[in-house]
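Asker: Compact mmCIF, C-alpha atoms, saved as run.txt, coming up:
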```txt
# COMPACT_ATOMS: atom_id res chain seq x y z
CA MET U 1 17.62 -2.19 41.97
CA ALA U 2 16.97 -0.40 38.70
CA SER U 3 16.96 -2.55 35.56
CA ALA U 4 19.43 -1.85 32.77
CA PRO U 5 18.30 0.79 30.28
CA HIS U 6 16.62 -0.43 27.12
CA ARG U 7 19.15 -0.31 24.28
CA VAL U 8 18.00 1.58 21.17
CA VAL U 9 20.24 1.40 18.11
CA VAL U 10 19.61 3.76 15.21
CA LEU U 11 20.90 2.67 11.80
CA ALA U 12 22.20 5.62 9.75
CA LEU U 13 22.41 4.67 6.08
CA PRO U 14 23.69 6.73 3.13
CA GLY U 15 21.26 9.45 2.13
CA VAL U 16 19.79 9.61 5.63
CA ILE U 17 17.62 12.59 6.52
CA PRO U 18 19.36 14.29 9.48
CA PHE U 19 16.13 15.42 11.15
CA GLU U 20 14.66 11.94 11.22
CA LEU U 21 17.96 10.42 12.31
CA SER U 22 17.89 12.68 15.37
CA ILE U 23 14.34 11.86 16.49
CA PRO U 24 15.14 8.71 18.51
CA HIS U 25 17.94 10.50 20.37
CA ARG U 26 15.64 13.39 21.18
CA ILE U 27 12.74 11.27 22.42
CA PHE U 28 14.30 8.20 24.02
CA GLY U 29 17.21 10.20 25.37
CA ARG U 30 14.82 12.26 27.50
CA ALA U 31 12.94 9.40 29.11
CA TYR U 32 13.69 9.03 32.83
CA SER U 33 12.36 6.92 35.66
CA PRO U 34 10.73 8.62 38.69
CA ALA U 35 14.15 8.34 40.36
CA GLY U 36 15.78 10.23 37.50
CA ASP U 37 17.53 7.26 35.91
CA PRO U 38 17.71 7.08 32.10
CA LEU U 39 15.36 4.44 30.73
CA TYR U 40 17.10 4.08 27.39
CA THR U 41 20.54 4.27 25.83
CA VAL U 42 20.66 5.41 22.22
CA THR U 43 23.50 4.45 19.87
CA THR U 44 23.92 5.37 16.22
CA CYS U 45 25.59 2.90 13.89
CA THR U 46 26.15 2.53 10.17
CA ALA U 47 27.24 -0.10 7.65
CA VAL U 48 30.86 1.11 7.60
CA PRO U 49 32.07 3.41 10.42
CA GLY U 50 33.17 6.85 9.28
CA ARG U 51 31.60 9.40 6.99
CA VAL U 52 27.96 8.98 6.06
CA ALA U 53 26.39 11.08 3.31
CA THR U 54 23.09 12.71 4.19
CA GLU U 55 20.26 14.16 2.17
CA ALA U 56 21.46 17.59 3.25
CA ASP U 57 24.60 19.47 2.19
CA PHE U 58 26.74 17.98 4.95
CA GLU U 59 28.07 14.62 6.04
CA LEU U 60 27.95 12.83 9.39
CA TRP U 61 30.67 10.95 11.22
CA VAL U 62 29.39 7.73 12.76
CA GLU U 63 31.77 5.82 15.01
CA HIS U 64 29.87 2.56 15.44
CA GLY U 65 29.52 -0.17 12.85
CA PRO U 66 26.83 -2.84 12.45
CA GLU U 67 28.21 -4.80 15.41
CA ALA U 68 26.18 -2.41 17.60
CA LEU U 69 23.03 -4.12 16.35
CA ALA U 70 23.99 -7.27 18.25
CA GLU U 71 23.37 -5.42 21.52
CA ALA U 72 20.09 -3.77 20.50
CA ASP U 73 16.74 -4.24 22.17
CA THR U 74 15.15 -1.93 19.59
CA VAL U 75 16.48 -1.10 16.12
CA ILE U 76 15.19 2.04 14.40
CA VAL U 77 15.77 2.74 10.70
CA PRO U 78 15.17 6.39 9.75
CA ALA U 79 14.48 7.56 6.21
CA ALA U 80 17.39 7.25 3.77
CA TYR U 81 17.45 7.38 -0.01
CA GLN U 82 20.31 5.08 -0.89
CA PRO U 83 20.78 2.51 -2.32
CA ALA U 84 18.70 3.52 -5.33
CA VAL U 85 18.11 -0.13 -6.26
CA LEU U 86 16.00 -0.51 -3.14
CA PHE U 87 13.53 2.12 -4.24
CA ARG U 88 13.48 0.91 -7.85
CA GLU U 89 13.42 -2.85 -7.36
CA GLY U 90 12.74 -3.46 -3.67
CA ARG U 91 16.08 -5.22 -3.24
CA LEU U 92 18.86 -4.71 -0.70
CA PRO U 93 22.52 -5.04 -1.68
CA ASP U 94 24.15 -8.10 -0.15
CA GLU U 95 26.03 -6.00 2.43
CA LEU U 96 22.86 -4.42 3.81
CA ALA U 97 20.91 -7.68 3.63
CA GLY U 98 23.62 -9.27 5.76
CA ILE U 99 23.42 -6.47 8.30
CA PHE U 100 19.68 -6.89 8.77
CA ALA U 101 20.04 -10.67 8.89
CA SER U 102 22.39 -10.25 11.86
CA VAL U 103 19.71 -8.67 14.06
CA ARG U 104 18.84 -10.99 16.95
CA PRO U 105 15.43 -12.71 16.89
CA GLY U 106 12.87 -10.92 19.03
CA VAL U 107 14.46 -7.47 18.72
CA ARG U 108 11.86 -4.76 18.21
CA MET U 109 12.18 -3.17 14.76
CA ALA U 110 10.88 0.27 13.82
CA SER U 111 11.13 2.58 10.84
CA ILE U 112 10.59 6.26 10.23
CA CYS U 113 9.25 7.34 6.84
CA THR U 114 10.98 5.52 3.95
CA GLY U 115 13.00 3.52 6.45
CA GLY U 116 10.12 1.09 6.01
CA PHE U 117 11.53 0.14 2.60
CA PHE U 118 14.57 -1.34 4.34
CA LEU U 119 12.45 -3.33 6.78
CA ALA U 120 10.24 -4.59 3.96
CA ALA U 121 13.18 -5.59 1.75
CA ALA U 122 14.74 -7.43 4.71
CA GLY U 123 11.53 -9.42 5.21
CA PHE U 124 10.42 -7.91 8.53
CA LEU U 125 7.11 -6.69 7.12
CA ASP U 126 5.96 -9.78 5.21
CA GLY U 127 2.24 -10.22 5.82
CA ARG U 128 2.16 -7.33 8.28
CA PRO U 129 0.32 -4.00 8.30
CA ALA U 130 2.67 -1.05 7.73
CA THR U 131 2.87 2.50 6.50
CA THR U 132 5.35 4.98 5.07
CA HIS U 133 5.28 8.55 3.77
CA TRP U 134 2.10 9.15 1.81
CA SER U 135 3.97 10.06 -1.39
CA TRP U 136 5.72 6.66 -1.39
CA THR U 137 2.87 4.34 -0.46
CA GLU U 138 1.98 3.31 -4.02
CA GLN U 139 5.59 2.43 -4.82
CA PHE U 140 5.89 0.71 -1.46
CA GLN U 141 2.89 -1.50 -2.17
CA ARG U 142 4.05 -2.26 -5.72
CA LEU U 143 7.50 -3.37 -4.60
CA PHE U 144 6.29 -5.30 -1.54
CA PRO U 145 2.88 -6.81 -2.37
CA THR U 146 2.80 -9.02 0.73
CA VAL U 147 2.86 -5.96 3.02
CA ARG U 148 -0.56 -4.62 4.02
CA VAL U 149 0.16 -0.95 3.34
CA ASP U 150 -2.08 1.64 4.98
CA PRO U 151 -1.46 5.07 3.44
CA ASN U 152 -3.87 6.85 5.77
CA VAL U 153 -2.20 6.57 9.17
CA LEU U 154 0.64 8.22 11.06
CA TYR U 155 2.09 4.98 12.35
CA VAL U 156 1.31 1.30 12.75
CA ASP U 157 2.17 -0.72 15.84
CA ASP U 158 2.19 -4.42 15.01
CA GLY U 159 3.82 -5.59 18.20
CA GLU U 160 7.53 -6.16 17.62
CA VAL U 161 7.50 -4.29 14.29
CA LEU U 162 6.41 -0.65 14.00
CA THR U 163 6.40 1.72 11.03
CA SER U 164 5.61 5.40 10.64
CA ALA U 165 4.97 8.05 8.06
CA GLY U 166 7.34 10.95 7.53
CA VAL U 167 8.97 13.59 9.73
CA ALA U 168 6.65 14.49 12.64
CA ALA U 169 5.04 11.03 12.50
CA GLY U 170 8.43 9.67 13.54
CA VAL U 171 8.18 11.77 16.69
CA ASP U 172 4.68 10.41 17.30
CA LEU U 173 5.92 6.86 16.86
CA CYS U 174 8.82 7.25 19.28
CA VAL U 175 6.62 8.89 21.93
CA HIS U 176 4.14 6.06 21.44
CA MET U 177 6.91 3.50 22.00
CA VAL U 178 7.94 5.23 25.23
CA ARG U 179 4.29 5.26 26.28
CA ARG U 180 3.95 1.58 25.48
CA ASP U 181 7.14 0.72 27.38
CA HIS U 182 6.71 2.91 30.46
CA GLY U 183 3.21 4.37 30.48
CA SER U 184 1.68 7.76 29.92
CA ALA U 185 3.40 9.61 32.78
CA VAL U 186 6.87 9.02 31.32
CA ALA U 187 5.71 9.67 27.76
CA ASN U 188 4.00 12.91 28.74
CA ASP U 189 7.16 14.06 30.50
CA VAL U 190 9.21 13.30 27.38
CA ALA U 191 6.69 15.20 25.27
CA ARG U 192 6.86 18.23 27.57
CA ARG U 193 10.66 18.22 27.49
CA SER U 194 10.60 18.07 23.70
CA VAL U 195 7.64 20.49 23.33
CA VAL U 196 5.64 18.05 21.20
CA PRO U 197 2.09 16.69 21.55
CA PRO U 198 2.00 13.84 24.10
CA HIS U 199 -0.15 11.65 21.92
CA ARG U 200 -1.50 11.46 18.40
CA ASP U 201 -3.30 8.32 17.31
CA GLY U 202 -1.61 6.12 14.76
CA GLY U 203 -4.88 6.15 12.85
CA GLN U 204 -4.79 9.88 12.24
CA ALA U 205 -4.61 10.71 8.54
CA GLN U 206 -1.15 11.64 7.25
CA TYR U 207 -2.04 14.24 4.71
CA ILE U 208 -5.31 15.20 3.13
CA ARG U 209 -5.66 17.88 0.50
CA ARG U 210 -8.26 20.18 1.94
CA PRO U 211 -8.55 23.94 1.61
CA VAL U 212 -6.89 26.10 4.25
CA PRO U 213 -9.12 29.02 5.27
CA GLU U 214 -7.92 32.42 4.16
CA PRO U 215 -6.67 34.59 7.04
CA ARG U 216 -9.55 36.98 6.63
CA PHE U 217 -12.01 34.19 7.40
CA ALA U 218 -12.96 33.19 10.92
CA THR U 219 -11.81 29.75 12.07
CA THR U 220 -13.29 27.28 14.51
CA SER U 221 -10.31 27.00 16.86
CA ALA U 222 -11.91 29.05 19.66
CA ALA U 223 -14.92 26.73 19.70
CA ARG U 224 -12.67 23.70 19.91
CA GLY U 225 -10.77 25.21 22.81
CA TRP U 226 -14.04 26.07 24.54
CA ALA U 227 -15.31 22.50 24.09
CA LEU U 228 -12.12 20.90 25.39
CA GLY U 229 -12.66 22.58 28.74
CA ARG U 230 -16.24 21.26 28.95
CA LEU U 231 -16.03 17.69 27.71
CA HIS U 232 -17.87 16.48 30.82
CA GLN U 233 -20.89 18.62 29.93
CA PRO U 234 -23.51 18.15 27.19
CA ILE U 235 -22.45 20.25 24.20
CA GLN U 236 -24.80 20.97 21.34
CA LEU U 237 -23.77 21.91 17.85
CA ARG U 238 -25.40 25.33 18.25
CA ASP U 239 -23.28 25.92 21.37
CA LEU U 240 -20.12 25.47 19.32
CA ALA U 241 -21.40 27.67 16.52
CA GLU U 242 -22.25 30.44 18.99
CA GLN U 243 -18.62 30.54 20.18
CA GLU U 244 -17.64 31.69 16.69
CA SER U 245 -20.75 33.81 16.06
CA MET U 246 -21.63 31.63 13.07
CA SER U 247 -24.74 29.91 11.91
CA VAL U 248 -24.81 26.17 12.50
CA ARG U 249 -24.55 25.53 8.76
CA THR U 250 -21.55 27.81 8.26
CA PHE U 251 -19.82 26.53 11.36
CA THR U 252 -20.26 22.89 10.32
CA ARG U 253 -18.83 23.58 6.85
CA ARG U 254 -15.84 25.54 8.19
CA PHE U 255 -15.22 22.94 10.87
CA ARG U 256 -15.08 20.10 8.38
CA GLU U 257 -12.78 22.09 6.09
CA GLU U 258 -10.33 22.69 8.93
CA VAL U 259 -10.51 19.45 10.89
CA GLY U 260 -11.62 16.88 8.31
CA VAL U 261 -14.54 15.47 10.29
CA SER U 262 -17.87 16.74 11.54
CA PRO U 263 -18.10 18.52 14.92
CA GLY U 264 -19.86 15.50 16.38
CA GLN U 265 -17.18 13.08 15.27
CA TRP U 266 -14.45 15.37 16.56
CA LEU U 267 -16.10 15.70 19.95
CA THR U 268 -16.41 11.94 20.24
CA GLN U 269 -12.70 11.61 19.45
CA GLN U 270 -11.81 14.09 22.17
CA ARG U 271 -13.97 12.25 24.69
CA VAL U 272 -12.35 8.96 23.78
CA GLU U 273 -8.94 10.57 24.31
CA ARG U 274 -10.06 12.01 27.63
CA ALA U 275 -11.29 8.59 28.74
CA ARG U 276 -8.00 7.00 27.70
CA HIS U 277 -6.05 9.56 29.68
CA LEU U 278 -8.13 9.00 32.82
CA LEU U 279 -7.96 5.23 32.52
CA GLU U 280 -4.18 5.39 32.23
CA SER U 281 -3.38 8.01 34.83
CA THR U 282 -6.01 7.69 37.59
CA GLU U 283 -7.74 5.10 39.75
CA LEU U 284 -11.19 6.53 39.00
CA SER U 285 -13.95 3.99 38.51
CA VAL U 286 -15.17 3.27 34.99
CA ASP U 287 -18.46 5.02 35.82
CA ARG U 288 -16.62 8.14 36.98
CA VAL U 289 -14.33 8.12 33.94
CA ALA U 290 -17.40 7.90 31.71
CA ARG U 291 -19.00 10.91 33.41
CA ASP U 292 -15.81 12.99 33.38
CA ALA U 293 -15.24 12.25 29.70
CA GLY U 294 -18.80 13.25 28.83
CA PHE U 295 -20.19 9.85 27.86
CA ARG U 296 -22.96 10.03 30.48
CA THR U 297 -22.97 6.25 31.09
CA ALA U 298 -20.33 3.57 31.40
CA GLN U 299 -22.13 1.52 28.75
CA SER U 300 -21.87 4.37 26.25
CA MET U 301 -18.16 4.71 26.96
CA ARG U 302 -17.61 0.97 26.59
CA GLN U 303 -19.26 1.02 23.18
CA HIS U 304 -17.13 3.93 21.99
CA LEU U 305 -13.86 2.55 23.33
CA GLN U 306 -14.62 -0.86 21.89
CA SER U 307 -15.28 0.78 18.52
CA ALA U 308 -12.24 3.04 18.66
CA LEU U 309 -9.66 0.85 20.37
CA GLY U 310 -10.93 -2.68 19.93
CA VAL U 311 -10.95 -3.30 23.69
CA PRO U 312 -13.23 -2.41 26.63
CA PRO U 313 -12.14 0.14 29.28
CA THR U 314 -10.99 -2.41 31.86
CA VAL U 315 -8.74 -4.21 29.37
CA TYR U 316 -7.34 -0.94 28.11
CA ARG U 317 -6.53 0.22 31.65
CA ARG U 318 -4.91 -3.09 32.55
CA THR U 319 -2.79 -3.03 29.38
CA PHE U 320 -1.42 0.48 29.79
CA ARG U 321 -1.22 0.62 33.56
CA SER U 322 0.95 -2.52 33.47
CA ALA U 323 3.37 -0.74 31.15
CA GLY U 324 5.04 0.90 34.14
CA ASP U 325 3.05 3.96 35.09
CA GLY U 326 3.65 3.37 38.77
CA GLU U 327 1.33 5.37 40.96
CA ALA U 328 -1.63 6.96 39.36
CA GLY U 329 -1.20 10.60 38.69
CA SER U 330 -3.80 13.28 38.96
CA ALA U 331 -5.90 13.95 35.91
CA ARG U 332 -4.64 16.72 33.69
CA PRO U 333 -6.44 18.44 30.82
CA ILE U 334 -5.37 17.02 27.49
CA GLY U 335 -5.03 18.86 24.24
CA GLU U 336 -6.95 18.43 21.06
CA VAL U 337 -6.21 15.46 18.86
CA GLY U 338 -7.01 15.57 15.19
CA SER U 339 -7.48 11.95 14.23
CA VAL U 340 -9.81 11.40 11.32
CA GLY U 341 -12.80 9.52 12.63
CA ALA U 342 -15.43 7.23 11.25
CA VAL U 343 -17.82 8.39 8.58
CA GLY U 344 -21.27 9.70 9.35
CA GLU U 345 -22.78 12.75 10.95
CA VAL U 346 -23.82 13.36 14.51
CA GLY U 347 -26.66 15.80 14.69
CA SER U 348 -26.63 16.53 18.42
CA VAL U 349 -23.11 16.72 19.73
CA GLY U 350 -24.29 16.25 23.29
CA ALA U 351 -25.70 12.81 22.49
CA VAL U 352 -22.43 11.35 21.33
CA GLY U 353 -23.06 9.56 18.05
CA ALA U 354 -22.40 5.93 17.30
CA ALA U 355 -19.74 6.71 14.73
CA GLY U 356 -16.98 7.21 17.28
CA ALA U 357 -13.29 7.72 16.81
CA VAL U 358 -11.29 5.10 14.95
CA GLY U 359 -7.73 6.31 15.20
CA ALA U 360 -6.32 4.03 17.85
CA ALA U 361 -7.55 0.84 16.22
CA ALA U 362 -4.43 0.84 14.08
CA VAL U 363 -2.37 0.97 17.26
CA VAL U 364 -4.14 -1.29 19.73
CA SER U 365 -6.00 -3.93 17.74
CA SER U 366 -2.86 -5.27 16.05
CA ARG U 367 -1.48 -6.27 19.46
CA ARG U 368 -4.57 -8.00 20.84
```
As a first step, turn the structure in this file into structure tokens.
Answerer:
Amino acid sequence: MASAPHRVVVLALPGVIPFELSIPHRIFGRAYSPAGDPLYTVTTCTAVPGRVATEADFELWVEHGPEALAEADTVIVPAAYQPAVLFREGRLPDELAGIFASVRPGVRMASICTGGFFLAAAGFLDGRPATTHWSWTEQFQRLFPTVRVDPNVLYVDDGEVLTSAGVAAGVDLCVHMVRRDHGSAVANDVARRSVVPPHRDGGQAQYIRRPVPEPRFATTSAARGWALGRLHQPIQLRDLAEQESMSVRTFTRRFREEVGVSPGQWLTQQRVERARHLLESTELSVDRVARDAGFRTAQSMRQHLQSALGVPPTVYRRTFRSAGDGEAGSARPIGEVGSVGAVGEVGSVGAVGAAGAVGAAAVVSSRR
């Protein structure tokens, strides 16, 4: 007998951004069990039922009031820019403070973009790691000094409280929550239905000012695509440069300008992602996963996963396979991820360097 769907309640507050308000409906509303049953219900509520002003030039009509929160398993607060006192002084009006105080203990709380201000003002983020839109992180930290603000990540999963940066990072967060609840097969299906990437690490940088190559210049995208199809093989830096008909020096400079890390770091990140995918979706042995991901040995893979995720391969597999994947699926190619990795250079890309990828540490280590 199928269990009752997980109840997601989205709190629409005055000044809400319509796009971000719609993200939970889009993502959770398209998550189905293998039998085709919906895994979530999504309800929108507000402080006072009726018209709700948005950041855009139109209003919304929300039928449900704050009583909907009493039935929630997960509460999501999208970005909103009222009340102004919150963003000036870090204080909620009594009405809103009462609404947040009515949330049942143990309910999972999440925010998208500046929705984190509401969670922080209500006390949900005290002493916790969190993030918000990069342009608001300094104000966020000033108003809420007990929050451990990380301005350099897309989202932070701290167990029962999750926060994200702006706009697309809200999509990443919701897909991550589906993945955490029901495994990669369901999350990947949701991502395909919504035509979004199935996974981006929480540790990926939000926004970095780096030059965008002029159209007349060659890019390194073809080399990245070529490498993604050969992760199981040794790949040297000169091999990548040859795909773009560039010298190694020019290729390395262009690559870093576009991607933000060295070719060696990027390749390690992709191999970590490939290993994660295989651990989640197949029954392959750790040795076979290591070979297929291009790490050569299981020990090398263990070192990189421990560095990137904070856990060894067997623990990672047990954690995510128990989330409800069901039967192991066949391995599928995964797309490029762009998480900003650890510092340092890797001279030979084939001998994967010790730097490794760091993105998922912000996601996994906080729940160990």
Asker: May I ask for the distance between atom CA of U:Arg193 and atom CA of U:Thr131, given in Å to one decimal place?
Answerer: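 Distance between the two atoms: 27.4 Å.
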Asker: For U:Glu63, which of U:Leu231, U:Ala275, U:Val153, U:Leu11 is the closest residue, counting all atoms listed in the file?
Answerer: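 Closest to U:Glu63, using all atoms listed in the file: U:Leu11.
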Asker: Would you list the contacts of U:Phe118 as a ChimeraX atom specification, taking every protein, DNA or RNA residue within 10 Å and counting all atoms listed in the file, but skipping same-chain residues closer than 3 positions in sequence?
Answerer: /U:77-80,83,86-87,90-92,96-97,100,111,114-115,121-125
Asker: Mind giving me the straight-line distance from atom CA of U:Asp94 to atom CA of U:Thr44 in Å, one decimal?
Answerer: 21.2 Å
Asker: Could you pull the residues within 10 Å of U:Arg30, counting all atoms listed in the file, minus those fewer than 6 positions along the same chain, as a list in words?
Answerer: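 Once the adjacent positions are removed, what remains is Pro24, Pro38, Leu39, Tyr40, Thr41, Val186, Ala187, Asp189, Val190, Ala191, Arg192, Arg193 and Ser194 of chain U.
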Asker: So that I can check the surroundings of stretch 249-255 of chain U, please list as a VMD selection string every protein, DNA and RNA residue that reaches within 8 Å of it, counting all atoms listed in the file and ignoring chain neighbours fewer than 6 positions away.
Answerer: chain U and resid 219 to 220 241 261 to 263
Asker: Counting only C-alpha atoms, which residues sit no farther than 10 Å from the position (19.0, -9.2, 19.4) in the file's frame? I'd like them as a PyMOL selection string.
Answerer: chain U and resi 69-75+102-108
Asker: In Å to one decimal, how far is atom CA of U:Asp181 from atom CA of U:Arg7?
Answerer: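 Separation of atom CA of U:Arg7 and atom CA of U:Asp181: 12.4 Å.
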Asker: As AutoDock Vina command-line options, what would the box around stretch 100-112 of chain U look like: edges along x, y and z, 3 Å added on every side, centre and edge lengths in Å to one decimal?
Answerer:
```
--center_x 16.5 --center_y -3.2 --center_z 13.9 --size_x 17.8 --size_y 25.0 --size_z 16.3
```
Asker: Using all atoms listed in the file, find each residue of stretch 19-125 of chain U with at least one atom at most 7 Å away from an atom of stretch 154-171 of chain U; report its shortest atom-to-atom pair and that distance in Å (one decimal), sort the rows by chain and rising residue number, and return the result as a tab-separated table.
Answerer:
```
residue	atom	partner	partner_atom	distance
U:Glu20	CA	U:Val167	CA	6.1
U:Ile23	CA	U:Val171	CA	6.2
U:Arg108	CA	U:Glu160	CA	4.6
U:Met109	CA	U:Val161	CA	4.8
U:Ala110	CA	U:Leu162	CA	4.6
U:Ser111	CA	U:Thr163	CA	4.8
U:Ile112	CA	U:Ser164	CA	5.1
U:Cys113	CA	U:Gly166	CA	4.1
U:Gly116	CA	U:Thr163	CA	6.3
```
Asker: Quick one: everything within 9 Å of U:Pro313, counting all atoms listed in the file, minus sequence neighbours fewer than 4 positions away in the same chain. Send it as a list of chain:residue names.
Answerer: U:Ala275, U:Arg276, U:Leu279, U:Val286, U:Met301, U:Arg302, U:Leu305, U:Gln306, U:Arg317, U:Arg318
Asker: Export C-alpha atoms of the chosen residues as a compact mmCIF listing (two decimals), in the coordinates of the input?
Answerer:
```txt
# COMPACT_ATOMS: atom_id res chain seq x y z
CA ALA U 275 -11.29 8.59 28.74
CA ARG U 276 -8.00 7.00 27.70
CA LEU U 279 -7.96 5.23 32.52
CA VAL U 286 -15.17 3.27 34.99
CA MET U 301 -18.16 4.71 26.96
CA ARG U 302 -17.61 0.97 26.59
CA LEU U 305 -13.86 2.55 23.33
CA GLN U 306 -14.62 -0.86 21.89
CA ARG U 317 -6.53 0.22 31.65
CA ARG U 318 -4.91 -3.09 32.55
```
Asker: Which residue gives the smallest distance to U:Ser281 among U:Val9, U:Ala185, U:Leu228, U:Cys174, with all atoms listed in the file counted?
Answerer: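 Closest to U:Ser281 of all the choices is U:Ala185.
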Asker: Quick one: of U:Arg128, U:Arg230, U:His182, U:His133, who's nearest to U:Arg148, counting only C-alpha atoms?
Answerer: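 The answer is U:Arg128, which sits nearest to U:Arg148.
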Asker: Taking all atoms listed in the file into account, name the residue in U:Glu59, U:Glu280, U:Glu258, U:Glu67 that is nearest to U:Thr46.
Answerer: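 The shortest atom-to-atom distance to U:Thr46 comes from U:Glu67.
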Asker: I'd like the neighbourhood of U:Phe144 as a list in words, where a residue qualifies if any of its atoms comes within 9 Å (using all atoms listed in the file), though same-chain residues fewer than 2 positions away should be ignored.
Answerer: Gly90, Phe117, Ala120, Ala121, Leu125, Asp126, Gln139, Phe140, Gln141, Arg142, Thr146, Val147, Arg148 and Val149 of chain U
